[in-house]
>>> print(open('data.cif').read())   # mmCIF, C-alpha atoms, pLDDT in the B column; chains and numbers go by the auth columns
data_run
loop_
_atom_site.group_PDB
_atom_site.id
_atom_site.type_symbol
_atom_site.label_atom_id
_atom_site.label_comp_id
_atom_site.label_asym_id
_atom_site.label_seq_id
_atom_site.Cartn_x
_atom_site.Cartn_y
_atom_site.Cartn_z
_atom_site.B_iso_or_equiv
_atom_site.auth_seq_id
_atom_site.auth_asym_id
ATOM 1 C CA GLY A 1 0.000 0.000 0.000 69.00 1 A
ATOM 2 C CA ALA A 2 0.872 3.670 -0.158 82.00 2 A
ATOM 3 C CA VAL A 3 3.367 4.730 2.474 90.00 3 A
ATOM 4 C CA VAL A 4 4.276 8.139 3.799 94.00 4 A
ATOM 5 C CA SER A 5 7.576 8.302 5.613 95.00 5 A
ATOM 6 C CA GLN A 6 8.154 11.091 8.092 97.00 6 A
ATOM 7 C CA HIS A 7 11.313 11.884 9.984 96.00 7 A
ATOM 8 C CA PRO A 8 12.676 12.547 12.406 97.00 8 A
ATOM 9 C CA SER A 9 10.268 10.753 14.712 96.00 9 A
ATOM 10 C CA TRP A 10 11.349 12.973 17.549 96.00 10 A
ATOM 11 C CA VAL A 11 13.602 15.970 17.972 97.00 11 A
ATOM 12 C CA ILE A 12 14.709 18.178 20.842 97.00 12 A
ATOM 13 C CA CYS A 13 16.030 21.612 20.026 96.00 13 A
ATOM 14 C CA LYS A 14 17.025 24.753 21.817 97.00 14 A
ATOM 15 C CA SER A 15 14.785 27.772 21.840 97.00 15 A
ATOM 16 C CA GLY A 16 15.578 30.076 18.928 97.00 16 A
ATOM 17 C CA THR A 17 16.859 27.399 16.586 97.00 17 A
ATOM 18 C CA SER A 18 15.113 25.998 13.514 97.00 18 A
ATOM 19 C CA VAL A 19 13.991 22.453 12.934 98.00 19 A
ATOM 20 C CA LYS A 20 13.172 20.744 9.636 98.00 20 A
ATOM 21 C CA ILE A 21 10.744 17.861 9.366 98.00 21 A
ATOM 22 C CA GLU A 22 10.601 15.770 6.197 97.00 22 A
ATOM 23 C CA CYS A 23 7.660 13.954 4.713 96.00 23 A
ATOM 24 C CA ARG A 24 8.189 11.565 1.809 96.00 24 A
ATOM 25 C CA SER A 25 5.780 9.566 -0.273 94.00 25 A
ATOM 26 C CA LEU A 26 7.630 6.313 -0.864 93.00 26 A
ATOM 27 C CA ASP A 27 5.747 4.606 -3.675 89.00 27 A
ATOM 28 C CA PHE A 28 3.568 7.267 -5.190 91.00 28 A
ATOM 29 C CA GLN A 29 3.715 10.858 -6.298 91.00 29 A
ATOM 30 C CA ALA A 30 1.992 13.433 -4.169 90.00 30 A
ATOM 31 C CA THR A 31 1.221 16.804 -5.678 89.00 31 A
ATOM 32 C CA THR A 32 -0.432 17.744 -2.422 91.00 32 A
ATOM 33 C CA MET A 33 0.543 17.005 1.134 94.00 33 A
ATOM 34 C CA PHE A 34 -0.990 18.178 4.359 95.00 34 A
ATOM 35 C CA TRP A 35 0.639 19.202 7.624 97.00 35 A
ATOM 36 C CA TYR A 36 -1.106 18.823 10.985 96.00 36 A
ATOM 37 C CA ARG A 37 -0.155 19.462 14.551 96.00 37 A
ATOM 38 C CA GLN A 38 -1.585 17.860 17.623 94.00 38 A
ATOM 39 C CA PHE A 39 -1.300 19.119 21.174 88.00 39 A
ATOM 40 C CA PRO A 40 -1.664 16.594 24.002 85.00 40 A
ATOM 41 C CA LYS A 41 -5.152 15.168 24.246 83.00 41 A
ATOM 42 C CA GLN A 42 -6.411 17.425 21.479 88.00 42 A
ATOM 43 C CA SER A 43 -7.471 17.029 17.897 91.00 43 A
ATOM 44 C CA LEU A 44 -5.311 17.086 14.799 94.00 44 A
ATOM 45 C CA MET A 45 -5.340 20.653 13.565 94.00 45 A
ATOM 46 C CA LEU A 46 -4.620 21.256 9.898 94.00 46 A
ATOM 47 C CA MET A 47 -1.814 23.776 9.558 96.00 47 A
ATOM 48 C CA ALA A 48 -1.302 23.993 5.829 95.00 48 A
ATOM 49 C CA THR A 49 -1.663 22.341 2.469 93.00 49 A
ATOM 50 C CA SER A 50 1.625 21.819 0.682 92.00 50 A
ATOM 51 C CA ASN A 51 1.457 22.104 -3.098 89.00 51 A
ATOM 52 C CA GLU A 52 4.238 20.794 -5.324 89.00 52 A
ATOM 53 C CA GLY A 53 5.867 23.591 -7.246 86.00 53 A
ATOM 54 C CA SER A 54 3.833 26.374 -5.701 88.00 54 A
ATOM 55 C CA LYS A 55 3.239 28.135 -2.427 91.00 55 A
ATOM 56 C CA ALA A 56 1.641 26.366 0.473 93.00 56 A
ATOM 57 C CA THR A 57 -1.851 27.294 1.575 93.00 57 A
ATOM 58 C CA TYR A 58 -1.977 28.083 5.266 95.00 58 A
ATOM 59 C CA GLU A 59 -4.957 27.769 7.553 93.00 59 A
ATOM 60 C CA GLN A 60 -6.189 30.776 9.411 92.00 60 A
ATOM 61 C CA GLY A 61 -4.058 31.605 12.394 93.00 61 A
ATOM 62 C CA VAL A 62 -0.968 29.713 11.230 95.00 62 A
ATOM 63 C CA GLU A 63 2.092 31.913 10.761 94.00 63 A
ATOM 64 C CA LYS A 64 3.561 31.175 7.364 93.00 64 A
ATOM 65 C CA ASP A 65 6.857 32.859 8.233 95.00 65 A
ATOM 66 C CA LYS A 66 7.253 30.658 11.260 96.00 66 A
ATOM 67 C CA PHE A 67 6.212 27.379 9.663 97.00 67 A
ATOM 68 C CA LEU A 68 7.984 27.284 6.322 96.00 68 A
ATOM 69 C CA ILE A 69 6.756 24.640 3.913 95.00 69 A
ATOM 70 C CA ASN A 70 8.627 23.541 0.839 92.00 70 A
ATOM 71 C CA HIS A 71 7.298 21.008 -1.652 92.00 71 A
ATOM 72 C CA ALA A 72 10.045 20.946 -4.231 83.00 72 A
ATOM 73 C CA SER A 73 9.390 17.490 -5.643 90.00 73 A
ATOM 74 C CA LEU A 74 6.489 15.113 -6.111 91.00 74 A
ATOM 75 C CA THR A 75 7.703 12.917 -3.266 93.00 75 A
ATOM 76 C CA LEU A 76 9.001 15.332 -0.661 95.00 76 A
ATOM 77 C CA SER A 77 7.510 18.070 1.465 95.00 77 A
ATOM 78 C CA THR A 78 9.344 19.711 4.329 96.00 78 A
ATOM 79 C CA LEU A 79 8.127 21.740 7.279 97.00 79 A
ATOM 80 C CA THR A 80 10.645 24.024 8.958 97.00 80 A
ATOM 81 C CA VAL A 81 9.789 25.461 12.328 97.00 81 A
ATOM 82 C CA THR A 82 11.838 28.645 12.451 97.00 82 A
ATOM 83 C CA SER A 83 13.064 30.289 15.644 97.00 83 A
ATOM 84 C CA ALA A 84 11.342 27.609 17.669 97.00 84 A
ATOM 85 C CA HIS A 85 9.971 28.410 21.108 96.00 85 A
ATOM 86 C CA PRO A 86 8.648 26.123 23.839 96.00 86 A
ATOM 87 C CA GLU A 87 5.068 26.800 22.779 95.00 87 A
ATOM 88 C CA ASP A 88 5.896 25.212 19.408 96.00 88 A
ATOM 89 C CA SER A 89 6.457 21.915 21.167 96.00 89 A
ATOM 90 C CA SER A 90 3.890 19.585 19.676 96.00 90 A
ATOM 91 C CA PHE A 91 3.312 16.490 17.582 96.00 91 A
ATOM 92 C CA TYR A 92 3.506 17.239 13.862 97.00 92 A
ATOM 93 C CA ILE A 93 2.021 14.857 11.303 97.00 93 A
ATOM 94 C CA CYS A 94 2.033 14.931 7.531 97.00 94 A
ATOM 95 C CA SER A 95 -0.438 13.308 5.194 95.00 95 A
ATOM 96 C CA ALA A 96 -0.868 12.640 1.504 93.00 96 A
ATOM 97 C CA ARG A 97 -3.587 11.253 -0.711 86.00 97 A
ATOM 98 C CA PRO A 98 -2.320 8.602 -3.126 82.00 98 A
ATOM 99 C CA PRO A 99 -4.341 7.977 -6.295 78.00 99 A
ATOM 100 C CA ASP A 100 -7.207 5.520 -5.768 70.00 100 A
ATOM 101 C CA TYR A 101 -6.384 5.276 -2.107 67.00 101 A
ATOM 102 C CA GLY A 102 -7.471 6.935 1.057 80.00 102 A
ATOM 103 C CA TYR A 103 -5.450 9.428 2.935 89.00 103 A
ATOM 104 C CA THR A 104 -2.273 8.062 4.397 91.00 104 A
ATOM 105 C CA PHE A 105 -0.377 9.593 7.291 95.00 105 A
ATOM 106 C CA GLY A 106 3.207 9.724 8.384 96.00 106 A
ATOM 107 C CA SER A 107 4.183 8.389 11.776 95.00 107 A
ATOM 108 C CA GLY A 108 4.547 11.884 13.189 96.00 108 A
ATOM 109 C CA THR A 109 7.329 13.966 14.724 97.00 109 A
ATOM 110 C CA ARG A 110 7.449 14.856 18.384 96.00 110 A
ATOM 111 C CA LEU A 111 9.089 18.268 18.685 97.00 111 A
ATOM 112 C CA THR A 112 10.293 19.443 22.072 97.00 112 A
ATOM 113 C CA VAL A 113 11.759 22.926 22.355 97.00 113 A
ATOM 114 C CA VAL A 114 13.786 23.574 25.490 96.00 114 A
ATOM 115 C CA ASP B 1 -15.000 27.162 15.368 69.00 115 B
ATOM 116 C CA GLN B 2 -15.017 23.380 15.618 80.00 116 B
ATOM 117 C CA GLN B 3 -16.765 22.130 12.497 91.00 117 B
ATOM 118 C CA VAL B 4 -16.431 18.473 13.414 95.00 118 B
ATOM 119 C CA LYS B 5 -17.193 17.463 16.959 95.00 119 B
ATOM 120 C CA GLN B 6 -17.059 14.329 19.009 96.00 120 B
ATOM 121 C CA ASN B 7 -18.958 15.127 22.153 93.00 121 B
ATOM 122 C CA SER B 8 -17.835 12.111 24.140 95.00 122 B
ATOM 123 C CA PRO B 9 -14.180 12.453 25.102 94.00 123 B
ATOM 124 C CA SER B 10 -14.103 8.898 26.398 96.00 124 B
ATOM 125 C CA LEU B 11 -15.997 5.632 26.221 97.00 125 B
ATOM 126 C CA SER B 12 -15.545 2.430 28.165 98.00 126 B
ATOM 127 C CA VAL B 13 -16.972 -0.841 26.831 98.00 127 B
ATOM 128 C CA GLN B 14 -16.734 -4.432 27.875 98.00 128 B
ATOM 129 C CA GLU B 15 -15.049 -6.875 25.526 98.00 129 B
ATOM 130 C CA GLY B 16 -17.528 -8.523 23.179 98.00 130 B
ATOM 131 C CA ARG B 17 -20.056 -5.708 23.406 98.00 131 B
ATOM 132 C CA ILE B 18 -20.741 -3.016 20.839 98.00 132 B
ATOM 133 C CA SER B 19 -18.834 0.271 20.853 98.00 133 B
ATOM 134 C CA ILE B 20 -20.629 3.252 19.370 98.00 134 B
ATOM 135 C CA LEU B 21 -18.654 6.393 18.687 98.00 135 B
ATOM 136 C CA ASN B 22 -20.465 9.496 17.572 98.00 136 B
ATOM 137 C CA CYS B 23 -19.516 12.488 15.494 98.00 137 B
ATOM 138 C CA ASP B 24 -21.399 15.652 14.552 97.00 138 B
ATOM 139 C CA TYR B 25 -20.568 18.197 11.897 96.00 139 B
ATOM 140 C CA THR B 26 -21.858 21.619 11.068 94.00 140 B
ATOM 141 C CA ASN B 27 -21.069 22.174 7.407 91.00 141 B
ATOM 142 C CA SER B 28 -23.280 20.522 4.798 90.00 142 B
ATOM 143 C CA MET B 29 -20.532 20.952 2.187 90.00 143 B
ATOM 144 C CA PHE B 30 -18.633 17.985 3.574 92.00 144 B
ATOM 145 C CA ASP B 31 -18.961 15.128 1.081 91.00 145 B
ATOM 146 C CA TYR B 32 -16.806 12.403 2.526 93.00 146 B
ATOM 147 C CA PHE B 33 -16.234 11.163 6.049 95.00 147 B
ATOM 148 C CA LEU B 34 -13.552 8.964 7.518 95.00 148 B
ATOM 149 C CA TRP B 35 -12.763 7.313 10.822 97.00 149 B
ATOM 150 C CA TYR B 36 -9.236 6.930 12.130 96.00 150 B
ATOM 151 C CA LYS B 37 -7.706 5.109 15.045 97.00 151 B
ATOM 152 C CA LYS B 38 -4.728 6.668 16.749 95.00 152 B
ATOM 153 C CA TYR B 39 -2.217 5.697 19.383 92.00 153 B
ATOM 154 C CA PRO B 40 -0.068 8.266 21.211 88.00 154 B
ATOM 155 C CA ALA B 41 2.964 9.467 19.272 86.00 155 B
ATOM 156 C CA GLU B 42 1.842 7.706 16.103 91.00 156 B
ATOM 157 C CA GLY B 43 0.083 8.792 12.954 93.00 157 B
ATOM 158 C CA PRO B 44 -3.623 7.982 12.497 94.00 158 B
ATOM 159 C CA THR B 45 -4.585 4.653 10.965 93.00 159 B
ATOM 160 C CA PHE B 46 -7.496 4.587 8.547 92.00 160 B
ATOM 161 C CA LEU B 47 -10.458 2.430 9.553 95.00 161 B
ATOM 162 C CA ILE B 48 -13.445 3.084 7.347 95.00 162 B
ATOM 163 C CA SER B 49 -15.038 5.828 5.291 94.00 163 B
ATOM 164 C CA ILE B 50 -18.367 6.809 3.828 96.00 164 B
ATOM 165 C CA SER B 51 -19.476 9.050 1.027 93.00 165 B
ATOM 166 C CA SER B 52 -22.239 11.542 1.634 93.00 166 B
ATOM 167 C CA ILE B 53 -24.397 9.765 -0.943 94.00 167 B
ATOM 168 C CA LYS B 54 -24.579 6.705 1.258 96.00 168 B
ATOM 169 C CA ASP B 55 -25.988 6.118 4.699 96.00 169 B
ATOM 170 C CA LYS B 56 -24.087 3.004 5.695 98.00 170 B
ATOM 171 C CA ASN B 57 -20.789 1.330 5.018 97.00 171 B
ATOM 172 C CA GLU B 58 -19.581 -1.876 6.576 97.00 172 B
ATOM 173 C CA ASP B 59 -16.157 -3.476 6.779 96.00 173 B
ATOM 174 C CA GLY B 60 -15.755 -6.449 9.043 97.00 174 B
ATOM 175 C CA ARG B 61 -16.369 -5.432 12.621 98.00 175 B
ATOM 176 C CA PHE B 62 -16.662 -1.772 11.668 98.00 176 B
ATOM 177 C CA THR B 63 -19.795 -0.076 10.399 98.00 177 B
ATOM 178 C CA VAL B 64 -20.246 3.625 9.796 98.00 178 B
ATOM 179 C CA PHE B 65 -23.682 5.215 9.637 98.00 179 B
ATOM 180 C CA LEU B 66 -24.364 8.645 8.185 98.00 180 B
ATOM 181 C CA ASN B 67 -27.438 10.755 8.876 97.00 181 B
ATOM 182 C CA LYS B 68 -27.130 13.758 6.604 95.00 182 B
ATOM 183 C CA SER B 69 -30.244 15.501 7.806 95.00 183 B
ATOM 184 C CA ALA B 70 -28.931 15.409 11.347 97.00 184 B
ATOM 185 C CA LYS B 71 -25.325 16.028 10.265 96.00 185 B
ATOM 186 C CA HIS B 72 -24.338 13.069 12.351 97.00 186 B
ATOM 187 C CA LEU B 73 -22.276 9.963 11.821 97.00 187 B
ATOM 188 C CA SER B 74 -21.406 7.071 14.041 98.00 188 B
ATOM 189 C CA LEU B 75 -18.922 4.240 14.096 98.00 189 B
ATOM 190 C CA HIS B 76 -20.029 0.884 15.417 98.00 190 B
ATOM 191 C CA ILE B 77 -17.485 -1.698 16.446 98.00 191 B
ATOM 192 C CA VAL B 78 -18.836 -5.138 17.185 98.00 192 B
ATOM 193 C CA PRO B 79 -17.657 -7.192 18.874 98.00 193 B
ATOM 194 C CA SER B 80 -15.281 -4.873 20.688 98.00 194 B
ATOM 195 C CA GLN B 81 -11.841 -6.213 21.493 97.00 195 B
ATOM 196 C CA PRO B 82 -9.174 -5.004 23.943 96.00 196 B
ATOM 197 C CA GLY B 83 -6.955 -4.213 20.958 96.00 197 B
ATOM 198 C CA ASP B 84 -9.511 -1.643 19.866 97.00 198 B
ATOM 199 C CA SER B 85 -8.536 0.553 22.807 97.00 199 B
ATOM 200 C CA ALA B 86 -7.227 3.781 21.305 97.00 200 B
ATOM 201 C CA VAL B 87 -8.346 7.295 20.429 96.00 201 B
ATOM 202 C CA TYR B 88 -10.784 7.459 17.525 98.00 202 B
ATOM 203 C CA PHE B 89 -11.118 10.487 15.296 97.00 203 B
ATOM 204 C CA CYS B 90 -13.742 11.208 12.726 97.00 204 B
ATOM 205 C CA ALA B 91 -12.735 13.435 9.830 96.00 205 B
ATOM 206 C CA ALA B 92 -14.622 15.233 7.107 95.00 206 B
ATOM 207 C CA ARG B 93 -13.613 16.341 3.633 92.00 207 B
ATOM 208 C CA GLY B 94 -15.004 18.594 0.988 79.00 208 B
ATOM 209 C CA LEU B 95 -14.878 22.147 2.146 73.00 209 B
ATOM 210 C CA TYR B 96 -14.414 24.516 -0.773 72.00 210 B
ATOM 211 C CA ASN B 97 -13.754 21.534 -3.072 68.00 211 B
ATOM 212 C CA THR B 98 -10.453 20.795 -1.401 78.00 212 B
ATOM 213 C CA ASP B 99 -8.975 17.498 -0.305 83.00 213 B
ATOM 214 C CA LYS B 100 -8.116 18.685 3.166 87.00 214 B
ATOM 215 C CA LEU B 101 -9.489 16.781 6.127 91.00 215 B
ATOM 216 C CA ILE B 102 -11.003 18.412 9.168 92.00 216 B
ATOM 217 C CA PHE B 103 -10.707 16.257 12.242 95.00 217 B
ATOM 218 C CA GLY B 104 -13.040 15.866 15.159 95.00 218 B
ATOM 219 C CA THR B 105 -11.965 16.228 18.740 92.00 219 B
ATOM 220 C CA GLY B 106 -11.460 12.513 19.350 95.00 220 B
ATOM 221 C CA THR B 107 -12.936 9.860 21.623 97.00 221 B
ATOM 222 C CA ARG B 108 -10.791 7.644 23.775 97.00 222 B
ATOM 223 C CA LEU B 109 -12.162 4.115 23.686 98.00 223 B
ATOM 224 C CA GLN B 110 -11.223 1.636 26.350 98.00 224 B
ATOM 225 C CA VAL B 111 -12.292 -1.961 25.964 98.00 225 B
ATOM 226 C CA PHE B 112 -11.948 -3.946 29.153 96.00 226 B
ATOM 227 C CA PRO B 113 -12.081 -7.725 29.572 93.00 227 B
#
>>> encode(input="data.cif", output="structure tokens")
Amino acid sequence: GAVVSQHPSWVICKSGTSVKIECRSLDFQATTMFWYRQFPKQSLMLMATSNEGSKATYEQGVEKDKFLINHASLTLSTLTVTSAHPEDSSFYICSARPPDYGYTFGSGTRLTVV
Amino acid sequence: DQQVKQNSPSLSVQEGRISILNCDYTNSMFDYFLWYKKYPAEGPTFLISISSIKDKNEDGRFTVFLNKSAKHLSLHIVPSQPGDSAVYFCAARGLYNTDKLIFGTGTRLQVFP
């Protein structure tokens, strides 16, 4: 089946640094990928839609300059959390929709900013 | 503005019995609904889906019912098994003709022996 690989699975960084999270579609091409974040015991909140070869579409309230999304190829989207702060600590998950298949999700990245 | 809601944050069911998880939505533009199972620190796992043109879809132990007039869907798991214990999310698609999913707030299901 269609697989989305996400890494790292967890990362700890210092406040003020930037962190990049990668999301790869392993056996299909994804012109669109989605990025979510989940706080403890809360829902998955859609942050942005990543579009291959064009700018990402951000949901209301999500700072595009803080959460940089790059979708430079049909199999890779990256989310960079810039100048991370402790309140950015969360669980980030990417998703893609393979052809003729339901949505598939990455395994998630636990970001802890100290 | 939570467009997809799961009003029961938790549910406890005995093994072998039926688990019923509920989900309500507010926007009639949603055209496709999905249920996911999720463990902590993992991505969601797809369970079952239903198109808005249907009112029922069944797959093994899982059945999803859709009541469009009430903007309500439910997931039935029967018989429930201890391995079903997890957080369940409903999700809806179709706003503004996009593929993006809007997730509900989640229900933690615990199946005890």
>>> closest_atom_pairs(input="data.cif", of="chain A", to="chain B", cutoff="8 Å", atoms="all atoms listed in the file", output="JSON lines")
{"residue": "A:Phe34", "atom": "CA", "partner": "B:Lys214", "partner_atom": "CA", "distance": 7.2}
{"residue": "A:Gln42", "atom": "CA", "partner": "B:Thr219", "partner_atom": "CA", "distance": 6.3}
{"residue": "A:Ser43", "atom": "CA", "partner": "B:Thr219", "partner_atom": "CA", "distance": 4.6}
{"residue": "A:Leu44", "atom": "CA", "partner": "B:Phe217", "partner_atom": "CA", "distance": 6.0}
{"residue": "A:Met45", "atom": "CA", "partner": "B:Phe217", "partner_atom": "CA", "distance": 7.1}
{"residue": "A:Leu46", "atom": "CA", "partner": "B:Ile216", "partner_atom": "CA", "distance": 7.0}
{"residue": "A:Thr49", "atom": "CA", "partner": "B:Lys214", "partner_atom": "CA", "distance": 7.4}
{"residue": "A:Phe91", "atom": "CA", "partner": "B:Ala155", "partner_atom": "CA", "distance": 7.2}
{"residue": "A:Ile93", "atom": "CA", "partner": "B:Gly157", "partner_atom": "CA", "distance": 6.6}
{"residue": "A:Gly102", "atom": "CA", "partner": "B:Phe160", "partner_atom": "CA", "distance": 7.8}
{"residue": "A:Tyr103", "atom": "CA", "partner": "B:Phe160", "partner_atom": "CA", "distance": 7.7}
{"residue": "A:Thr104", "atom": "CA", "partner": "B:Phe160", "partner_atom": "CA", "distance": 7.5}
{"residue": "A:Phe105", "atom": "CA", "partner": "B:Gly157", "partner_atom": "CA", "distance": 5.7}
{"residue": "A:Gly106", "atom": "CA", "partner": "B:Gly157", "partner_atom": "CA", "distance": 5.6}
{"residue": "A:Ser107", "atom": "CA", "partner": "B:Gly157", "partner_atom": "CA", "distance": 4.3}
{"residue": "A:Gly108", "atom": "CA", "partner": "B:Gly157", "partner_atom": "CA", "distance": 5.4}
{"residue": "A:Thr109", "atom": "CA", "partner": "B:Ala155", "partner_atom": "CA", "distance": 7.7}
{"residue": "A:Arg110", "atom": "CA", "partner": "B:Ala155", "partner_atom": "CA", "distance": 7.1}
>>> write_last_selection(input="data.cif", atoms="C-alpha atoms", output="JSON list (two decimals), in the coordinates of the input")
[["chain", "number", "residue", "atom", "x", "y", "z"],
["A", 34, "PHE", "CA", -0.99, 18.18, 4.36],
["A", 42, "GLN", "CA", -6.41, 17.42, 21.48],
["A", 43, "SER", "CA", -7.47, 17.03, 17.90],
["A", 44, "LEU", "CA", -5.31, 17.09, 14.80],
["A", 45, "MET", "CA", -5.34, 20.65, 13.56],
["A", 46, "LEU", "CA", -4.62, 21.26, 9.90],
["A", 49, "THR", "CA", -1.66, 22.34, 2.47],
["A", 91, "PHE", "CA", 3.31, 16.49, 17.58],
["A", 93, "ILE", "CA", 2.02, 14.86, 11.30],
["A", 102, "GLY", "CA", -7.47, 6.94, 1.06],
["A", 103, "TYR", "CA", -5.45, 9.43, 2.94],
["A", 104, "THR", "CA", -2.27, 8.06, 4.40],
["A", 105, "PHE", "CA", -0.38, 9.59, 7.29],
["A", 106, "GLY", "CA", 3.21, 9.72, 8.38],
["A", 107, "SER", "CA", 4.18, 8.39, 11.78],
["A", 108, "GLY", "CA", 4.55, 11.88, 13.19],
["A", 109, "THR", "CA", 7.33, 13.97, 14.72],
["A", 110, "ARG", "CA", 7.45, 14.86, 18.38]]
>>> resolve_selection(input="data.cif", expression="the PyMOL selection byres ((chain B and resi 185-194) around 9)", output="PyMOL selection string")
chain B and resi 127-142+147+149+162+169+174-184+195-199+204+225
>>> atom_distance(input="data.cif", atom1="CA of Gly208 (chain B)", atom2="CA of Gln116 (chain B)")
15.4 Å
>>> resolve_selection(input="data.cif", expression="the PyMOL selection byres ((chain A and resi 6-10) around 12)", output="PyMOL selection string")
(chain A and resi 3-5+11-13+19-26+33+35+75-79+89-96+104-113) or (chain B and resi 155-157)
>>> closest_residue(input="data.cif", among="A:Gln38, A:Ser50, A:Thr17, A:Thr57", to="Ala72 (chain A)", atoms="all atoms listed in the file")
A:Ser50
>>> resolve_selection(input="data.cif", expression="the PyMOL selection byres ((chain A and resi 16) around 10)", output="mmCIF file with C-alpha atoms, in the coordinates of the input")
data_model
loop_
_atom_site.group_PDB
_atom_site.id
_atom_site.type_symbol
_atom_site.label_atom_id
_atom_site.label_comp_id
_atom_site.auth_asym_id
_atom_site.auth_seq_id
_atom_site.Cartn_x
_atom_site.Cartn_y
_atom_site.Cartn_z
ATOM 1 C CA CYS A 13 16.030 21.612 20.026
ATOM 2 C CA LYS A 14 17.025 24.753 21.817
ATOM 3 C CA SER A 15 14.785 27.772 21.840
ATOM 4 C CA THR A 17 16.859 27.399 16.586
ATOM 5 C CA SER A 18 15.113 25.998 13.514
ATOM 6 C CA VAL A 19 13.991 22.453 12.934
ATOM 7 C CA VAL A 81 9.789 25.461 12.328
ATOM 8 C CA THR A 82 11.838 28.645 12.451
ATOM 9 C CA SER A 83 13.064 30.289 15.644
ATOM 10 C CA ALA A 84 11.342 27.609 17.669
ATOM 11 C CA HIS A 85 9.971 28.410 21.108
ATOM 12 C CA PRO A 86 8.648 26.123 23.839
ATOM 13 C CA VAL A 113 11.759 22.926 22.355
ATOM 14 C CA VAL A 114 13.786 23.574 25.490
#
>>> atom_distance(input="data.cif", atom1="CA of Ile69 (chain A)", atom2="CA of Tyr36 (chain A)")
12.1 Å
>>> atom_distance(input="data.cif", atom1="CA of Lys152 (chain B)", atom2="CA of Tyr202 (chain B)")
6.2 Å
>>> closest_residue(input="data.cif", among="A:Asp100, A:Ala2, A:Glu59, A:Asp88", to="Phe28 (chain A)", atoms="all atoms listed in the file")
A:Ala2
>>> decode(input="data.cif", residues="region 179-191 of chain B", atoms="N, CA and C atoms", output="short mmCIF file (atom, residue, chain, number, x, y, z; two decimals), in the first residue's frame")
data_model
loop_
_atom_site.label_atom_id
_atom_site.label_comp_id
_atom_site.auth_asym_id
_atom_site.auth_seq_id
_atom_site.Cartn_x
_atom_site.Cartn_y
_atom_site.Cartn_z
N PHE B 179 -22.36 4.76 10.01
CA PHE B 179 -23.68 5.22 9.64
C PHE B 179 -23.64 6.72 9.47
N LEU B 180 -24.32 7.20 8.44
CA LEU B 180 -24.36 8.64 8.18
C LEU B 180 -25.81 9.11 8.13
N ASN B 181 -26.13 10.12 8.90
CA ASN B 181 -27.44 10.76 8.88
C ASN B 181 -27.23 12.20 8.44
N LYS B 182 -27.43 12.43 7.16
CA LYS B 182 -27.13 13.76 6.60
C LYS B 182 -28.05 14.83 7.15
N SER B 183 -29.31 14.48 7.33
CA SER B 183 -30.24 15.50 7.81
C SER B 183 -29.88 15.97 9.21
N ALA B 184 -29.33 15.06 9.99
CA ALA B 184 -28.93 15.41 11.35
C ALA B 184 -27.47 15.84 11.41
N LYS B 185 -26.76 15.73 10.31
CA LYS B 185 -25.33 16.03 10.26
C LYS B 185 -24.61 15.23 11.34
N HIS B 186 -24.85 13.95 11.31
CA HIS B 186 -24.34 13.07 12.35
C HIS B 186 -23.85 11.77 11.74
N LEU B 187 -22.72 11.29 12.22
CA LEU B 187 -22.28 9.96 11.82
C LEU B 187 -21.80 9.21 13.05
N SER B 188 -21.82 7.90 12.91
CA SER B 188 -21.41 7.07 14.04
C SER B 188 -20.61 5.88 13.53
N LEU B 189 -19.73 5.43 14.38
CA LEU B 189 -18.92 4.24 14.10
C LEU B 189 -19.31 3.17 15.10
N HIS B 190 -19.69 2.01 14.58
CA HIS B 190 -20.03 0.88 15.42
C HIS B 190 -18.94 -0.17 15.29
N ILE B 191 -18.48 -0.63 16.42
CA ILE B 191 -17.49 -1.70 16.45
C ILE B 191 -18.10 -2.86 17.21
#
